[in-house]
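See below for the structure under consideration.
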Amino acid sequence: MPWRTCFNRQRALLPITASRRLSSLSIQQKRPNSFSGKWSGLTAIQRLNFVSDKPCSSNYVAQLEACIQSKSLSEGKKIHEHILKNNGYIKDFAILGKLTHLYILCNEIELARQVFEKIPKPSVILWNMMIRAYAWNGPIEKAIDLYYEMLKLGVRPSKFTFPFVIKACSGLQALEIGREIHEHAEKLGLESDIYISTALVDLYAKCGDLYEARRLFNSMSHRDIVAWNAIIAGFSLHGLYDEMIQIVVQMQQAGIMPNSSTVVAVLPTVGQVNALRQGKAIHGYSVRKIFSDNVVVATGLLDMYSKCHHISYARKIFDMISEKNEICWSAMIGGYVICDSMKEAMALYDEMVFKHRMNPTPVTLSSILRACANLTDLVKGKHLHCYTIKSGLDLDTTVGNSLLSMYAKCGILDDAIRLFNEMISKDKISYSAIISGCVQNGSADKALLIFRQMQLSGIDPDVATLVSLLPACSHLAALQHGTCCHGYSIVCGFTAYIPICNAIVDMYSKCGDINFSREVFDRMPKRDIVSWNTMIIGYGIHGLGTEALSLFHEFQASGLRPDDVTLLAVLSACSRSGLVMEGKYWFSAMIQDFNIKPRLAHYICMVDLLARAGYLDEAYTFIQRMPFEPDVCVWGALLAACRIHKNIEMGEEVSKKIQLLGPECTGNFVLMSNIYSSVGRWDDAAHIRIIQRDQGYKKSPGCSWVEVSGVIHGFIGGDQSHPQSASINRKLEELLVQMKKLGYRADYSSSLHDVEEEEKEQNLLYHSEKIAIAFGILNIDPNKPIVVTKNLRICVDCHTAIKFITLITEREIVVRDASRFHHFKSGICNCLDFW
């Protein structure tokens, strides 16, 4: 690091200065030459006893100076003990100063502080030593506290004081304190000192004030390699690759060649932007300058190649390093994880721990836990968790965050939440990890609750938090929460990041406001392929197939090349809108024009497109011609169309194929049972339900939820648990009477039981989406649409009933079911009964 070079110069300077000032004491001590041989063979205590039973102050000082020169802590402690026994010398300032210096040199900072505190008026040299010790070894904040204590006692800082206290500010990201200390240096006329200026450049750069860092750097009359490295490292830290490279070029134009610290500073950003060509040039330069033999440079190079996804290059460098340290092993394991080579990461970790007997660092554990998460290797993950507890590393926040992600990605959400609640120290990453885990495991409501905890704890969400939270808003159709997240993103400047804008586009789309979703999309300063895919998918789920194709044409005109997700979005949009010819065309173009091999998901879309539009025989033939064996999902798409078109014969044939493959879920049982029920074959419907029960499959209950004033209210079919249940029931009965006057007749095709029509009507009336809509009518402003989300496909009767409800209430109702959005208004649904 460039800082280390700077402060090593300071570190070297101070002891020499102190030594010169104190050496006069030892020079005055004249000893007979006849004792010189004997003298060198004695310990410090023996020397003191040899001189006198009551050694004088100068003898103590001389012997402590010898301990300082040899860094002999044990001898120094014996002298200290000897001094304490001879109490008369414990207040001698010269002796206390030497003891302080010795303890600092031997990294016994707290012992040094105890001795230092006994000196009534320490010299500025001793103050500088103590501040430097805390700045280098920690606790860093004590360096700043000591600086202000020094000022309070009226001690004037020297030019050697400021680099170390500024370094402490840099380590703590204490920018405002750093600015104040900068003013102190200016008032003393020391700002132009190269060491102080370099320290200030590093402070401002690391704290993100790159304008001030560059201004100060440009004002320096003389800039050495340390100063150049400080500004380069600052721009690299913030990922500003172009600016960083420009400064490196300027440095060489100024006649200063990059050193190993320069190389180490630039490599992370080179890897981050995947600038492989530049990385190879730096590698070549390092070889020519013999930097690559340095383990720090070599580790930086292998990390760069890993980030550029050239893991074979990284491994070659790793294998050539003769003496590998923990950081080197950690970088190589992390490189395998970055390159999605999880098994190789696991093997290398085992080699590190079991063969080479090296203890993993927190960074190593975090990387290997990511590998466990991606492989869903819960057994290995739990073993690592046990190790972190035994070693005390579970208290490390980074390790804790990795454990959270591991449990969440392995689907053990309860353990993840329990671990989260037990964590002593939580940061933004902790909250982002658990929020993301909740969303991934279908607990979006818990994600919102944890986000509220985050706000109450005083931790402000960052980009990663919002990227995790917005899908929770999307899943629950929590538009108010999503809108708040959007506003917060604008205020914080997060909308400059493409992933945030993509998540916002997706959120508005899935919360029912497709028009505003498009508005956000149009305002994006930059778009990637995910942006276009998200918007096309949004149009598709809203049944706006024509708009989806129009946007796809715009996408092609932008110069981007579609990927398999883009074509899947296009085919899905065609399927939901009945655009059969268009779907067939783009499926062919996918192979011929874009050279994209269709995945199973693309074939399912085509089966759904053909079958839903009534081309059942063509869909059946399409399945038979697939290049691989169709699975349950493919046949399930055809079975769903058989239910829509009441094709019993084909439905039975498809059902048998599904039974042979294994139904995988309750949906296919329900579809076949519905087919029989729709034509009154109750015995067959009952037989299907018996098979379903015997095989251990349970039908998921219909659940709907609606957002009112930022609170999500959930309902299941026949729900009577809500506090407003009585009012909801009355409203449903009123609506039923009014619907019948307008010609509504209950559709019993979704009823699975052979019961009286009146009972069927009551069962249908209390479907979850109807309950949610009634609740919305009672609680949502009449001028606002009612947006309901359902976990299953909306039934035919509810679809018909909602059209009547919009006529009666003169309200717009939006229902998002498991398949798509339905926009009901004035007795019409935008799906035109095609879903």
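Letters for chains follow the order of the structure tokens (A, B, ...), residue numbers begin at 1 for each chain, and ligand numbers begin at 1 in the order shown.
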With only C-alpha atoms counted and 8 Å as the cut-off, give the residues of stretch 432-459 of chain A in contact with stretch 392-412 of chain A, each with its shortest interatomic distance in Å and the pair that gives it, as CSV.
```
residue,atom,partner,partner_atom,distance
A:Ala433,CA,A:Ser405,CA,5.8
A:Ile434,CA,A:Leu404,CA,6.5
A:Gly437,CA,A:Ala408,CA,4.8
A:Cys438,CA,A:Ala408,CA,7.4
A:Gln440,CA,A:Lys409,CA,7.7
A:Asn441,CA,A:Gly411,CA,6.4
```
Exercise. Could you pull the residues within 7 Å of stretch 268-276 of chain A, counting only C-alpha atoms, minus those fewer than 6 positions along the same chain, as JSON, numbers by chain?
Worked result: {"A": [236, 239, 241, 304, 305, 307, 308]}
Mind writing the picked residues with C-alpha atoms as an mmCIF file, in the first residue's frame?
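For reference, part-v4.cif as written:
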```cif
data_model
loop_
_atom_site.group_PDB
_atom_site.id
_atom_site.type_symbol
_atom_site.label_atom_id
_atom_site.label_comp_id
_atom_site.auth_asym_id
_atom_site.auth_seq_id
_atom_site.Cartn_x
_atom_site.Cartn_y
_atom_site.Cartn_z
ATOM 1 C CA SER A 236 -8.985 2.912 -7.594
ATOM 2 C CA GLY A 239 -13.756 2.101 -9.025
ATOM 3 C CA TYR A 241 -10.855 3.136 -13.733
ATOM 4 C CA MET A 304 -7.230 -9.579 -11.056
ATOM 5 C CA TYR A 305 -7.216 -12.634 -13.341
ATOM 6 C CA LYS A 307 -12.175 -11.170 -11.581
ATOM 7 C CA CYS A 308 -11.526 -11.217 -15.332
#
```
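Interatomic distance, atom CA of A:Arg223 to atom CA of A:Met244: 16.5 Å.
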Find the residues near stretch 539-551 of chain A: any atom within 6 Å, counting only C-alpha atoms, skip ones fewer than 6 places away on the same chain, and give them as a CSV table (one decimal) with all heavy atoms, in the first residue's frame.
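That gives us result.csv:
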```csv
chain,number,residue,atom,x,y,z
A,573,ALA,N,-45.0,-13.4,-23.8
A,573,ALA,CA,-46.0,-12.3,-24.1
A,573,ALA,C,-46.9,-12.7,-25.2
A,573,ALA,O,-48.1,-12.4,-25.2
A,573,ALA,CB,-45.2,-11.0,-24.5
A,574,CYS,N,-46.4,-13.4,-26.2
A,574,CYS,CA,-47.3,-13.9,-27.3
A,574,CYS,C,-48.3,-14.9,-26.8
A,574,CYS,O,-49.4,-14.9,-27.2
A,574,CYS,CB,-46.4,-14.5,-28.4
A,574,CYS,SG,-45.3,-13.4,-29.3
A,576,ARG,N,-49.6,-15.2,-23.7
A,576,ARG,CA,-50.6,-14.6,-22.9
A,576,ARG,C,-51.6,-13.7,-23.7
A,576,ARG,O,-52.7,-13.4,-23.2
A,576,ARG,CB,-50.0,-13.7,-21.8
A,576,ARG,CG,-49.3,-14.6,-20.7
A,576,ARG,CD,-48.9,-13.7,-19.6
A,576,ARG,NE,-48.3,-14.5,-18.5
A,576,ARG,CZ,-47.0,-14.6,-18.2
A,576,ARG,NH1,-46.1,-14.0,-19.0
A,576,ARG,NH2,-46.6,-15.4,-17.2
A,577,SER,N,-51.2,-13.3,-24.9
A,577,SER,CA,-52.0,-12.5,-25.7
A,577,SER,C,-52.6,-13.2,-26.9
A,577,SER,O,-53.2,-12.6,-27.8
A,577,SER,CB,-51.3,-11.2,-26.2
A,577,SER,OG,-50.9,-10.5,-25.1
A,820,ARG,N,-50.9,-14.0,-14.7
A,820,ARG,CA,-50.8,-12.7,-15.3
A,820,ARG,C,-51.6,-11.7,-14.5
A,820,ARG,O,-52.2,-12.0,-13.5
A,820,ARG,CB,-51.3,-12.8,-16.7
A,820,ARG,CG,-52.7,-13.4,-16.8
A,820,ARG,CD,-53.4,-13.1,-18.1
A,820,ARG,NE,-53.6,-11.7,-18.3
A,820,ARG,CZ,-53.9,-11.1,-19.5
A,820,ARG,NH1,-53.8,-11.8,-20.6
A,820,ARG,NH2,-54.1,-9.8,-19.5
A,821,PHE,N,-51.6,-10.5,-15.1
A,821,PHE,CA,-52.5,-9.4,-14.5
A,821,PHE,C,-53.8,-9.4,-15.3
A,821,PHE,O,-53.9,-9.6,-16.5
A,821,PHE,CB,-51.8,-8.1,-14.7
A,821,PHE,CG,-50.9,-7.7,-13.5
A,821,PHE,CD1,-49.6,-8.0,-13.5
A,821,PHE,CD2,-51.4,-7.0,-12.4
A,821,PHE,CE1,-48.7,-7.7,-12.5
A,821,PHE,CE2,-50.6,-6.7,-11.4
A,821,PHE,CZ,-49.2,-7.0,-11.4
```
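Atom CA of A:Leu736 to atom CA of A:Asp833 spans 21.1 Å [interatomic distance, one decimal].
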What residues in stretch 317-464 of chain A get the DSSP label helix (DSSP H, G or I)? Please answer as a PDB file with C-alpha atoms, in the first residue's frame.
```
ATOM      1  CA  ILE A 317       0.410 -17.511 -10.531  1.00  0.00           C
ATOM      2  CA  PHE A 318      -0.803 -19.098  -7.294  1.00  0.00           C
ATOM      3  CA  ASP A 319       1.230 -22.253  -7.947  1.00  0.00           C
ATOM      4  CA  MET A 320       4.374 -20.187  -8.633  1.00  0.00           C
ATOM      5  CA  GLU A 326      -3.366 -16.797   4.333  1.00  0.00           C
ATOM      6  CA  ILE A 327      -4.290 -13.842   2.115  1.00  0.00           C
ATOM      7  CA  CYS A 328      -2.904 -15.604  -0.945  1.00  0.00           C
ATOM      8  CA  TRP A 329      -4.915 -18.780  -0.230  1.00  0.00           C
ATOM      9  CA  SER A 330      -8.001 -16.709   0.458  1.00  0.00           C
ATOM     10  CA  ALA A 331      -7.647 -14.841  -2.855  1.00  0.00           C
ATOM     11  CA  MET A 332      -7.356 -18.089  -4.826  1.00  0.00           C
ATOM     12  CA  ILE A 333     -10.354 -19.672  -3.082  1.00  0.00           C
ATOM     13  CA  GLY A 334     -12.331 -16.470  -3.645  1.00  0.00           C
ATOM     14  CA  GLY A 335     -11.269 -16.519  -7.299  1.00  0.00           C
ATOM     15  CA  TYR A 336     -12.740 -19.982  -7.783  1.00  0.00           C
ATOM     16  CA  VAL A 337     -15.994 -18.777  -6.210  1.00  0.00           C
ATOM     17  CA  ILE A 338     -16.092 -15.718  -8.502  1.00  0.00           C
ATOM     18  CA  MET A 342     -17.342 -24.105  -6.366  1.00  0.00           C
ATOM     19  CA  LYS A 343     -15.992 -27.652  -6.161  1.00  0.00           C
ATOM     20  CA  GLU A 344     -12.466 -26.442  -6.906  1.00  0.00           C
ATOM     21  CA  ALA A 345     -12.878 -23.812  -4.164  1.00  0.00           C
ATOM     22  CA  MET A 346     -13.942 -26.540  -1.732  1.00  0.00           C
ATOM     23  CA  ALA A 347     -10.961 -28.749  -2.669  1.00  0.00           C
ATOM     24  CA  LEU A 348      -8.475 -25.885  -2.278  1.00  0.00           C
ATOM     25  CA  TYR A 349      -9.964 -24.939   1.097  1.00  0.00           C
ATOM     26  CA  ASP A 350      -9.546 -28.534   2.316  1.00  0.00           C
ATOM     27  CA  GLU A 351      -5.937 -28.546   1.073  1.00  0.00           C
ATOM     28  CA  MET A 352      -5.240 -25.297   2.902  1.00  0.00           C
ATOM     29  CA  VAL A 353      -6.733 -26.463   6.205  1.00  0.00           C
ATOM     30  CA  PHE A 354      -5.978 -30.177   6.321  1.00  0.00           C
ATOM     31  CA  LYS A 355      -2.749 -30.504   4.325  1.00  0.00           C
ATOM     32  CA  PRO A 362     -12.686 -14.428   8.049  1.00  0.00           C
ATOM     33  CA  VAL A 363     -12.374 -13.596   4.332  1.00  0.00           C
ATOM     34  CA  THR A 364     -11.552 -17.231   3.518  1.00  0.00           C
ATOM     35  CA  LEU A 365     -14.542 -18.468   5.511  1.00  0.00           C
ATOM     36  CA  SER A 366     -16.819 -15.975   3.796  1.00  0.00           C
ATOM     37  CA  SER A 367     -15.708 -17.211   0.374  1.00  0.00           C
ATOM     38  CA  ILE A 368     -16.087 -20.905   1.191  1.00  0.00           C
ATOM     39  CA  LEU A 369     -19.506 -20.296   2.753  1.00  0.00           C
ATOM     40  CA  ARG A 370     -20.563 -18.720  -0.547  1.00  0.00           C
ATOM     41  CA  ALA A 371     -19.465 -21.915  -2.256  1.00  0.00           C
ATOM     42  CA  CYS A 372     -21.566 -23.948   0.208  1.00  0.00           C
ATOM     43  CA  ALA A 373     -24.535 -21.691  -0.531  1.00  0.00           C
ATOM     44  CA  ASN A 374     -24.202 -22.079  -4.295  1.00  0.00           C
ATOM     45  CA  LEU A 375     -23.832 -25.849  -3.989  1.00  0.00           C
ATOM     46  CA  LEU A 378     -25.824 -27.562   4.072  1.00  0.00           C
ATOM     47  CA  VAL A 379     -23.727 -30.260   5.788  1.00  0.00           C
ATOM     48  CA  LYS A 380     -20.429 -28.528   4.955  1.00  0.00           C
ATOM     49  CA  GLY A 381     -21.985 -25.171   5.804  1.00  0.00           C
ATOM     50  CA  LYS A 382     -23.002 -26.368   9.263  1.00  0.00           C
ATOM     51  CA  HIS A 383     -19.528 -27.795   9.884  1.00  0.00           C
ATOM     52  CA  LEU A 384     -18.047 -24.405   9.016  1.00  0.00           C
ATOM     53  CA  HIS A 385     -20.580 -22.715  11.292  1.00  0.00           C
ATOM     54  CA  CYS A 386     -19.409 -24.954  14.169  1.00  0.00           C
ATOM     55  CA  TYR A 387     -15.795 -24.055  13.386  1.00  0.00           C
ATOM     56  CA  THR A 388     -16.564 -20.319  13.462  1.00  0.00           C
ATOM     57  CA  ILE A 389     -18.187 -20.702  16.888  1.00  0.00           C
ATOM     58  CA  LYS A 390     -15.235 -22.665  18.312  1.00  0.00           C
ATOM     59  CA  SER A 391     -12.708 -20.189  16.916  1.00  0.00           C
ATOM     60  CA  LEU A 393     -14.960 -16.011  14.235  1.00  0.00           C
ATOM     61  CA  ASP A 394     -18.763 -16.134  14.335  1.00  0.00           C
ATOM     62  CA  LEU A 395     -18.532 -12.708  15.990  1.00  0.00           C
ATOM     63  CA  THR A 397     -19.783  -9.514  10.930  1.00  0.00           C
ATOM     64  CA  THR A 398     -18.562 -10.579   7.485  1.00  0.00           C
ATOM     65  CA  VAL A 399     -18.576 -14.246   8.487  1.00  0.00           C
ATOM     66  CA  GLY A 400     -22.002 -13.850  10.070  1.00  0.00           C
ATOM     67  CA  ASN A 401     -23.361 -12.314   6.880  1.00  0.00           C
ATOM     68  CA  SER A 402     -22.016 -15.230   4.822  1.00  0.00           C
ATOM     69  CA  LEU A 403     -23.637 -17.708   7.202  1.00  0.00           C
ATOM     70  CA  LEU A 404     -26.937 -15.859   6.803  1.00  0.00           C
ATOM     71  CA  SER A 405     -26.763 -16.139   3.022  1.00  0.00           C
ATOM     72  CA  MET A 406     -25.754 -19.798   3.208  1.00  0.00           C
ATOM     73  CA  TYR A 407     -28.728 -20.806   5.355  1.00  0.00           C
ATOM     74  CA  ALA A 408     -31.124 -18.692   3.272  1.00  0.00           C
ATOM     75  CA  LYS A 409     -29.919 -20.109  -0.060  1.00  0.00           C
ATOM     76  CA  LEU A 413     -34.927 -19.584   6.521  1.00  0.00           C
ATOM     77  CA  ASP A 414     -35.799 -20.195  10.188  1.00  0.00           C
ATOM     78  CA  ASP A 415     -32.133 -20.861  11.008  1.00  0.00           C
ATOM     79  CA  ALA A 416     -31.115 -17.779   9.023  1.00  0.00           C
ATOM     80  CA  ILE A 417     -33.539 -15.571  10.962  1.00  0.00           C
ATOM     81  CA  ARG A 418     -32.453 -17.127  14.276  1.00  0.00           C
ATOM     82  CA  LEU A 419     -28.807 -16.441  13.431  1.00  0.00           C
ATOM     83  CA  PHE A 420     -29.669 -12.899  12.361  1.00  0.00           C
ATOM     84  CA  ASN A 421     -31.423 -12.213  15.672  1.00  0.00           C
ATOM     85  CA  GLU A 422     -28.426 -13.579  17.615  1.00  0.00           C
ATOM     86  CA  LYS A 428     -26.217  -3.008   5.956  1.00  0.00           C
ATOM     87  CA  ILE A 429     -24.987  -6.231   4.386  1.00  0.00           C
ATOM     88  CA  SER A 430     -26.548  -8.252   7.222  1.00  0.00           C
ATOM     89  CA  TYR A 431     -29.948  -6.702   6.621  1.00  0.00           C
ATOM     90  CA  SER A 432     -29.616  -7.024   2.844  1.00  0.00           C
ATOM     91  CA  ALA A 433     -28.713 -10.717   3.181  1.00  0.00           C
ATOM     92  CA  ILE A 434     -31.664 -11.625   5.415  1.00  0.00           C
ATOM     93  CA  ILE A 435     -34.124  -9.514   3.392  1.00  0.00           C
ATOM     94  CA  SER A 436     -32.954 -11.195   0.183  1.00  0.00           C
ATOM     95  CA  GLY A 437     -33.190 -14.598   1.878  1.00  0.00           C
ATOM     96  CA  CYS A 438     -36.772 -13.953   2.965  1.00  0.00           C
ATOM     97  CA  VAL A 439     -37.771 -12.952  -0.566  1.00  0.00           C
ATOM     98  CA  GLN A 440     -36.031 -15.975  -2.124  1.00  0.00           C
ATOM     99  CA  ALA A 444     -41.799 -11.292   1.429  1.00  0.00           C
ATOM    100  CA  ASP A 445     -43.908 -10.164   4.398  1.00  0.00           C
ATOM    101  CA  LYS A 446     -41.037 -11.032   6.779  1.00  0.00           C
ATOM    102  CA  ALA A 447     -38.672  -9.106   4.518  1.00  0.00           C
ATOM    103  CA  LEU A 448     -40.737  -5.939   4.987  1.00  0.00           C
ATOM    104  CA  LEU A 449     -40.855  -6.444   8.772  1.00  0.00           C
ATOM    105  CA  ILE A 450     -37.062  -6.830   8.927  1.00  0.00           C
ATOM    106  CA  PHE A 451     -36.671  -3.710   6.797  1.00  0.00           C
ATOM    107  CA  ARG A 452     -38.691  -1.803   9.400  1.00  0.00           C
ATOM    108  CA  GLN A 453     -36.315  -3.145  12.084  1.00  0.00           C
ATOM    109  CA  MET A 454     -33.423  -1.853  10.003  1.00  0.00           C
ATOM    110  CA  GLN A 455     -34.922   1.617   9.869  1.00  0.00           C
ATOM    111  CA  LEU A 456     -35.590   1.625  13.628  1.00  0.00           C
ATOM    112  CA  VAL A 463     -28.191   0.076  -3.024  1.00  0.00           C
ATOM    113  CA  ALA A 464     -27.840  -3.613  -2.121  1.00  0.00           C
TER     114      ALA A 464
END
```
Exercise. Neighbours of A:Met650 within 12 Å (only C-alpha atoms; same-chain residues fewer than 3 positions away dropped), as a PyMOL selection string?
Worked result: chain A and resi 611+616-617+619-620+635+638-643+645-647+653-657+672+675
Just N, CA and C atoms for this one: save the residues we selected as a JSON list (two decimals), in the first residue's frame.
```json
[["chain", "number", "residue", "atom", "x", "y", "z"],
["A", 611, "ALA", "N", -51.57, -24.49, -27.36],
["A", 611, "ALA", "CA", -52.70, -25.16, -26.70],
["A", 611, "ALA", "C", -53.71, -24.17, -26.16],
["A", 616, "LEU", "N", -54.77, -27.77, -29.90],
["A", 616, "LEU", "CA", -54.33, -28.85, -29.01],
["A", 616, "LEU", "C", -53.56, -29.94, -29.75],
["A", 617, "ASP", "N", -54.07, -30.32, -30.91],
["A", 617, "ASP", "CA", -53.40, -31.38, -31.67],
["A", 617, "ASP", "C", -52.00, -30.94, -32.11],
["A", 619, "ALA", "N", -50.16, -28.72, -30.64],
["A", 619, "ALA", "CA", -49.32, -28.67, -29.44],
["A", 619, "ALA", "C", -48.83, -30.07, -29.08],
["A", 620, "TYR", "N", -49.72, -31.07, -29.21],
["A", 620, "TYR", "CA", -49.35, -32.45, -28.90],
["A", 620, "TYR", "C", -48.24, -32.93, -29.83],
["A", 635, "TRP", "N", -46.08, -31.33, -20.18],
["A", 635, "TRP", "CA", -47.41, -31.95, -20.26],
["A", 635, "TRP", "C", -48.42, -31.16, -19.43],
["A", 638, "LEU", "N", -50.05, -28.46, -21.46],
["A", 638, "LEU", "CA", -51.09, -28.99, -22.35],
["A", 638, "LEU", "C", -52.34, -29.37, -21.55],
["A", 639, "LEU", "N", -52.16, -29.94, -20.37],
["A", 639, "LEU", "CA", -53.29, -30.32, -19.53],
["A", 639, "LEU", "C", -54.12, -29.10, -19.14],
["A", 640, "ALA", "N", -53.45, -27.99, -18.83],
["A", 640, "ALA", "CA", -54.17, -26.76, -18.48],
["A", 640, "ALA", "C", -55.05, -26.30, -19.64],
["A", 641, "ALA", "N", -54.55, -26.42, -20.87],
["A", 641, "ALA", "CA", -55.36, -26.03, -22.03],
["A", 641, "ALA", "C", -56.52, -27.00, -22.25],
["A", 642, "CYS", "N", -56.29, -28.29, -21.95],
["A", 642, "CYS", "CA", -57.39, -29.26, -22.05],
["A", 642, "CYS", "C", -58.53, -28.87, -21.12],
["A", 643, "ARG", "N", -58.20, -28.35, -19.95],
["A", 643, "ARG", "CA", -59.25, -27.89, -19.03],
["A", 643, "ARG", "C", -60.01, -26.70, -19.61],
["A", 645, "HIS", "N", -60.40, -25.85, -22.73],
["A", 645, "HIS", "CA", -61.19, -26.21, -23.91],
["A", 645, "HIS", "C", -62.04, -27.48, -23.69],
["A", 646, "LYS", "N", -62.05, -27.97, -22.44],
["A", 646, "LYS", "CA", -62.90, -29.12, -22.04],
["A", 646, "LYS", "C", -62.68, -30.35, -22.93],
["A", 647, "ASN", "N", -61.42, -30.59, -23.27],
["A", 647, "ASN", "CA", -61.08, -31.77, -24.08],
["A", 647, "ASN", "C", -60.75, -32.92, -23.11],
["A", 653, "GLU", "N", -55.48, -38.64, -21.43],
["A", 653, "GLU", "CA", -54.23, -39.20, -21.97],
["A", 653, "GLU", "C", -53.02, -38.48, -21.39],
["A", 654, "VAL", "N", -53.11, -37.15, -21.37],
["A", 654, "VAL", "CA", -52.00, -36.35, -20.82],
["A", 654, "VAL", "C", -51.84, -36.62, -19.33],
["A", 655, "SER", "N", -52.96, -36.78, -18.62],
["A", 655, "SER", "CA", -52.92, -37.04, -17.18],
["A", 655, "SER", "C", -52.18, -38.35, -16.89],
["A", 656, "LYS", "N", -52.41, -39.38, -17.72],
["A", 656, "LYS", "CA", -51.73, -40.66, -17.52],
["A", 656, "LYS", "C", -50.21, -40.50, -17.68],
["A", 657, "LYS", "N", -49.82, -39.70, -18.68],
["A", 657, "LYS", "CA", -48.38, -39.47, -18.88],
["A", 657, "LYS", "C", -47.77, -38.77, -17.67],
["A", 672, "MET", "N", -56.91, -31.92, -13.52],
["A", 672, "MET", "CA", -57.69, -33.08, -13.98],
["A", 672, "MET", "C", -59.02, -33.17, -13.23],
["A", 675, "ILE", "N", -61.29, -30.68, -14.74],
["A", 675, "ILE", "CA", -61.81, -31.13, -16.04],
["A", 675, "ILE", "C", -63.03, -32.02, -15.84]]
```
Exercise. Near A:Leu96, counting only C-alpha atoms, which residues have an atom at most 12 Å away, once you skip same-chain residues fewer than 2 positions from it, shown as a PyMOL selection string?
Worked result: chain A and resi 57+60-61+64-65+76+79-80+83-84+89-94+98-103+111-123+126
